[in-house]
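Asker: I have a structure here, written as structure tokens, and I will follow up with some questions on it.
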Amino acid sequence: MFDAFLERYAYWLTTLLLVLGLYGMVGKRNLVKKLIGMNILQSAVILFFIANSVKRGATVPILPETHDVAVNPDLYMNPLPHVLMLTAIVVSVATTGVALSFLVTMYRRFRSLDERHILEEMQ
Amino acid sequence: MASVLGWYRTRLAYLLALGGVAISLAAAIAGLVEVLRNGEMRYDLGGWPPPVGIEYVLDHLSAFIAVVVTAVALVALLATSRLMDREAPTIAGGPFYGLVLLLIAGLTGIVVTGDLFNLFVFLEIASLSAYALVAVGGSKATVAAFRYLLLGTMGATFYLLGVAFIYFKTGTLNMADAARLLSTSENSEAFIAAAVFITVGLGLKMALFPLHLWLPDAYTYAPSAVTALIAPIMTKVSVYALIRIYLSVFGPAYMEGPVPINWLLLVLGIAGVVAGSVMAFAQQDLRRMLAYSSVSQLAFIALGIGLANGLALVGALLHIMNHAVMKACLFLATGGIRHWSGVVDVSRMAGFGRRMPLTMAALTVGALSMIGIPPTAGFFSKWYLIRGGVEAGNWIAVAVILGSSLLTAAYFFKVLEQVYLRSPDDSGQPARVVEAHPLVLGPILLLAVAIVLLGIFSGFIVTGVLERAAPPWL
């Protein structure tokens with residue numbers, strides 16, 4: 001049981017992060033905490049990509065200028081997931097920026113970031 | 001570019017946006033004609049051939065949706081300028097039209113891309129500009145936009161997680177390549193995970209019934225111009241993304257694979273049709289009523305995908321187009337009513353039939369089409385959906401489609417009765433009710449005419465385009 005956990009600890013931890021993020025988004029009442037939950041959720045997926053692409057003993061995928069022998073793919077990391085996640089991080093940063101600007105606008109208007117308080121004010 | 005111009009002269013930004021969308025409409029039509037003549041087109045981005053590079057695919061399905069999206073966007077955009085002048089003149093002067101163009105660019109990008117990760121990026125481009133556009137409507141709209149942002153991002157993240165499973169199972173992000181590898185790989189666990197996550201993720205984006213909670217507030221509090229732009233096309237494009245992934249990546253496995261995911265859509269679609277209609281009936285605010293009716297109409301489309309046969313799919317695709325045109329017409333009419341009479345509550349619209357005859361005529365055409373009265377477009381998509389239900393032998397679906405027409409009739413007749421039959425003798429009447437500005441009224445009438453024309457010519461659309469868009473195995 002515990003061995004099964006150790007073997008794949010990265011997946012368990014990303015799953016934990018995923019659930020944690022979801023709980024933050026659904027369970028918390030403060031809007032900033034909801035946003036933090038959203039960021040945790042995104043980090044979980046990013047880490048899932050990265051954890052999946054780990055290759056032990058591999059190096060950066062840059063070929064030496066002169067290579068006579070056939071390239072052994074086991075020696076090099078697959079750069080694609082990392083590059084994809086860079087894009088995902090950029091998207092995540094943009095989303096967070098927009099969300100924070102919404103929060104500032106909301107705070108100026110409602111003087112609170114408590115979801116219940118804001119919904120009461122809106123009535 | 002339109003944003004920068006917007007700081008300088010709003011009118012110029014508006015014209016530039018209009019020109020840009022008109023050009024993309026022309027390109028979409030040219031693409032559709034080309035596809036109809038020579039079959040599908042593929043374009044390798046940056047000269048990298050797939051599966052290494054990103055490719056854009058224009059086949060019958062995507063060419064059709066591209067034309068619908070750009071055409072509806074162009075007509076809605078025509079009215080935007082005058083509506084925004086009334087709504088929030090200061091913001092319209094800023095980066096507003098840049099955001100609109102970004103939204104449309106993102107949506108057309110989703111439509112033409114043939115790459116799973118590229119679709120995620122375009123989805124987020126479109127969504128981010130949509131959040132910002134919704135938030136233009138003031139403080140209540142900001143709250144709605146924030147909720148939309150949270151749920152939309154959750155959906156995109158789930159979608160990305162689903163893509164992760166496909167990628168690590170097959171090692172490719174190209175849709176056609178992934179489909180080929182998925183159909184041969186015998187290990188189905190990753191497929192199950194991918195199917196579930198992608199369905200839930202895109203379900204959030206398309207406001208599939210229990211995941212629709214962001215939609216009513218966002219559509220109600222956003223500026224009328226923005227709602228008229230987002231409501232018809234934004235959710236439709238998410239539906240398209242779902243159809244695209246089911247048909248082009250999962251293939252037949254989506255209905256007979258390890259998880260028959262179409263049953264989920266079928267059940268949620270049936271529940272959504274009923275729940276959306278009932279909620280719409282309970283609303284007083286015309287905008288909120290239309291928002292809930294969107295939920296039920298989107299559930300129709302989900303139901304069509306869930307029935308998983310050629311006829312139902314044709315019905316679903318036809319309904320994507322029809323509903324886009326109907327909702328654009330109805331929301332623009334609502335915007336016209338709101339800004340040229342100051343009324344959004346149905347109960348205060350008594351006698352409007354005489355005071356805004358043209359707007360109300362368009363509203364009536366839209367309503368009749370939503371109900372599904374024969375010469376209008378709405379009838380034909382429901383007709384194909386019902387035939388699909390009969391073919392699948394799913395009588396519950398058939399009964400729900402027929403019954404929901406009754407519910408739709410109930411809430412639209414509530415509006416029409418108020419507008420045409422009640423005499424305006426209440427004290428709650430607005431003082432001044434005039435027809436909207438010609439630039440707003442024109443698009444409304446154009447869309448109303450389009451509803452009837454699309455209904456009459458729906459046979460040509462179905463045999464010419466849609467039947468070829470459905471894959472042969474359906």
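Every chain in the structure tokens takes a letter, A first, then B, and so on in the order presented; its residues are numbered from 1, and the ligands are numbered from 1 following the presented order.
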To test your reading of the structure, identify every residue in range 127-358 of chain B that backbone DSSP assigns to helix (DSSP H, G or I), and report it as a count of residues only.
Answerer: 194
Asker: Pull the closest atom pair for each residue of chain A that gets at most 10 Å from chain B, along with the distance in Å to one decimal, counting only C-alpha atoms, ordering rows by chain and then ascending residue number, as a tab-separated table.
Answerer:
residue	atom	partner	partner_atom	distance
A:Gly21	CA	B:Met154	CA	9.8
A:Leu22	CA	B:Met154	CA	8.5
A:Met25	CA	B:Leu150	CA	7.7
A:Val26	CA	B:Leu150	CA	9.8
A:Leu31	CA	B:Phe146	CA	8.9
A:Lys34	CA	B:Leu150	CA	7.9
A:Leu35	CA	B:Leu150	CA	7.3
A:Gly37	CA	B:Leu150	CA	9.5
A:Met38	CA	B:Leu150	CA	6.9
A:Asn39	CA	B:Thr153	CA	9.6
A:Leu41	CA	B:Thr157	CA	7.5
A:Gln42	CA	B:Thr157	CA	6.2
A:Ser43	CA	B:Thr157	CA	9.6
A:Ala44	CA	B:Leu161	CA	9.3
A:Val45	CA	B:Leu161	CA	6.0
A:Ile46	CA	B:Leu161	CA	8.7
A:Phe48	CA	B:Ala164	CA	8.0
A:Phe49	CA	B:Ala164	CA	6.5
A:Asn52	CA	B:Phe168	CA	7.4
A:Ser53	CA	B:Phe168	CA	8.3
A:Leu80	CA	B:Gly171	CA	9.8
A:Pro81	CA	B:Ala164	CA	9.0
A:Leu84	CA	B:Phe117	CA	7.7
A:Thr87	CA	B:Val121	CA	8.0
A:Ala88	CA	B:Val121	CA	7.9
A:Val90	CA	B:Val121	CA	9.9
A:Val91	CA	B:Glu124	CA	7.0
A:Ser92	CA	B:Thr153	CA	8.6
A:Ala94	CA	B:Leu128	CA	8.1
A:Thr95	CA	B:Leu128	CA	6.7
A:Thr96	CA	B:Leu149	CA	9.4
A:Val98	CA	B:Ala132	CA	7.4
A:Ala99	CA	B:Phe146	CA	6.4
A:Leu100	CA	B:Phe146	CA	9.2
A:Ser101	CA	B:Thr142	CA	9.6
A:Phe102	CA	B:Thr142	CA	6.1
A:Leu103	CA	B:Phe146	CA	7.8
A:Thr105	CA	B:Ser139	CA	7.3
A:Met106	CA	B:Ser139	CA	6.4
A:Tyr107	CA	B:Ser139	CA	9.7
A:Arg108	CA	B:Ser139	CA	9.3
A:Arg109	CA	B:Ser139	CA	6.8
A:Phe110	CA	B:Ser139	CA	8.6
A:Glu115	CA	B:Val143	CA	9.3
A:Ile118	CA	B:Val143	CA	8.2
A:Leu119	CA	B:Val143	CA	8.7
A:Glu121	CA	B:Lys140	CA	9.6
A:Met122	CA	B:Lys140	CA	6.7
A:Gln123	CA	B:Lys140	CA	9.9
Asker: Quick one: everything within 8 Å of Pro375 in chain B, counting only C-alpha atoms, minus sequence neighbours fewer than 4 positions away in the same chain. Send it as a list in words.
Answerer: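 Result of the neighbour search: Phe379, Val452, Gly455 and Ile456 of chain B.
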Asker: Under the rule that only C-alpha atoms are counted, which of B:Leu265, B:Ala30, B:Ala241, B:Ile337 is the nearest residue to Met175 in chain B?
Answerer: B:Ala241
Asker: Using only C-alpha atoms, determine which residues lie at most 9 Å from Asp74 in chain A, disregarding the query and same-chain residues fewer than 4 positions distant; provide the list as a PyMOL selection string.
Answerer: chain A and resi 55-58
Asker: Dump all heavy atoms for the selected residues as a short mmCIF file (atom, residue, chain, number, x, y, z; two decimals), in the first residue's frame?
Answerer:
data_model
loop_
_atom_site.label_atom_id
_atom_site.label_comp_id
_atom_site.auth_asym_id
_atom_site.auth_seq_id
_atom_site.Cartn_x
_atom_site.Cartn_y
_atom_site.Cartn_z
N LYS A 55 12.44 12.10 -17.13
CA LYS A 55 13.18 10.97 -17.67
C LYS A 55 14.51 10.92 -16.92
O LYS A 55 15.28 11.87 -16.96
CB LYS A 55 13.42 11.20 -19.17
CG LYS A 55 13.55 9.94 -19.97
CD LYS A 55 13.94 10.27 -21.38
CE LYS A 55 12.74 10.52 -22.27
NZ LYS A 55 13.15 10.86 -23.65
N ARG A 56 14.74 9.84 -16.17
CA ARG A 56 15.94 9.81 -15.34
C ARG A 56 17.18 9.67 -16.21
O ARG A 56 17.19 8.91 -17.18
CB ARG A 56 15.88 8.64 -14.36
CG ARG A 56 14.75 8.80 -13.39
CD ARG A 56 15.07 8.31 -12.00
NE ARG A 56 13.90 8.47 -11.14
CZ ARG A 56 13.59 9.62 -10.54
NH1 ARG A 56 14.38 10.67 -10.65
NH2 ARG A 56 12.51 9.71 -9.78
N GLY A 57 18.21 10.42 -15.85
CA GLY A 57 19.47 10.32 -16.56
C GLY A 57 19.50 11.04 -17.88
O GLY A 57 20.45 10.90 -18.65
N ALA A 58 18.47 11.81 -18.18
CA ALA A 58 18.44 12.53 -19.46
C ALA A 58 18.90 13.96 -19.26
O ALA A 58 18.87 14.49 -18.16
CB ALA A 58 17.03 12.50 -20.03
#
Asker: Hey, what's within 8 Å of range 214-220 of chain B if we count only C-alpha atoms and toss same-chain stuff fewer than 2 positions away? As a list in words, please?
Answerer: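 Listing them by chain and then by number gives Val134, Ala141, Ala144, Ala145, Arg147, Tyr148, Leu151, Ala207, Leu211, His212, Ala222, Thr227, Ala231, Arg287, Arg288, Ala291, Tyr292 and Val295 of chain B.
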Asker: Put those residues in a file: C-alpha atoms, as a short mmCIF file (atom, residue, chain, number, x, y, z; two decimals), in the first residue's frame.
Answerer:
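Contents of out25.cif, as written:
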data_model
loop_
_atom_site.label_atom_id
_atom_site.label_comp_id
_atom_site.auth_asym_id
_atom_site.auth_seq_id
_atom_site.Cartn_x
_atom_site.Cartn_y
_atom_site.Cartn_z
CA VAL B 134 -18.64 41.30 -19.29
CA ALA B 141 -21.20 42.78 -13.87
CA ALA B 144 -20.63 38.11 -12.46
CA ALA B 145 -17.46 38.31 -14.53
CA ARG B 147 -17.56 34.12 -11.11
CA TYR B 148 -17.44 33.48 -14.85
CA LEU B 151 -15.62 28.66 -13.44
CA ALA B 207 -22.80 26.02 -19.71
CA LEU B 211 -22.43 23.62 -14.83
CA HIS B 212 -24.33 26.68 -16.09
CA ALA B 222 -23.04 42.53 -19.01
CA THR B 227 -24.35 40.08 -24.33
CA ALA B 231 -24.34 34.95 -25.92
CA ARG B 287 -32.42 39.42 -20.09
CA ARG B 288 -32.39 36.78 -17.37
CA ALA B 291 -30.16 33.67 -20.38
CA TYR B 292 -32.01 30.70 -18.89
CA VAL B 295 -29.19 27.16 -20.96
#
Asker: CA of Gln297 in chain B to CA of Val239 in chain B: how many Å, to one decimal?
Answerer: 11.7 Å
Asker: Using CA of Leu15 in chain B and CA of Leu77 in chain B as the two end points, give the distance in Å to one decimal.
Answerer: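 Computed distance, CA of Leu15 in chain B to CA of Leu77 in chain B, equals 9.9 Å.
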Asker: Report as a compact mmCIF listing (two decimals) with N, CA and C atoms, in the first residue's frame all protein, DNA and RNA residues lying within 9 Å of Glu40 in chain B, evaluated on only C-alpha atoms, omitting residues in the same chain fewer than 3 positions from it.
Answerer:
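New file part12.txt:
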# COMPACT_ATOMS: atom_id res chain seq x y z
N GLU B 34 -14.50 27.08 -50.91
CA GLU B 34 -13.36 26.26 -51.32
C GLU B 34 -13.49 24.83 -50.81
N VAL B 35 -13.91 24.71 -49.54
CA VAL B 35 -14.07 23.38 -48.95
C VAL B 35 -15.16 22.61 -49.66
N LEU B 36 -16.25 23.30 -49.98
CA LEU B 36 -17.35 22.63 -50.66
C LEU B 36 -16.92 22.13 -52.03
N VAL B 57 -7.06 23.24 -39.66
CA VAL B 57 -7.87 22.38 -40.52
C VAL B 57 -9.18 23.09 -40.82
N LEU B 58 -9.51 23.16 -42.09
CA LEU B 58 -10.80 23.71 -42.47
C LEU B 58 -11.54 22.62 -43.23
N ASP B 59 -12.47 21.95 -42.54
CA ASP B 59 -13.29 20.98 -43.24
C ASP B 59 -14.74 21.48 -43.21
N HIS B 60 -15.68 20.64 -43.60
CA HIS B 60 -17.06 21.10 -43.67
C HIS B 60 -17.55 21.65 -42.35
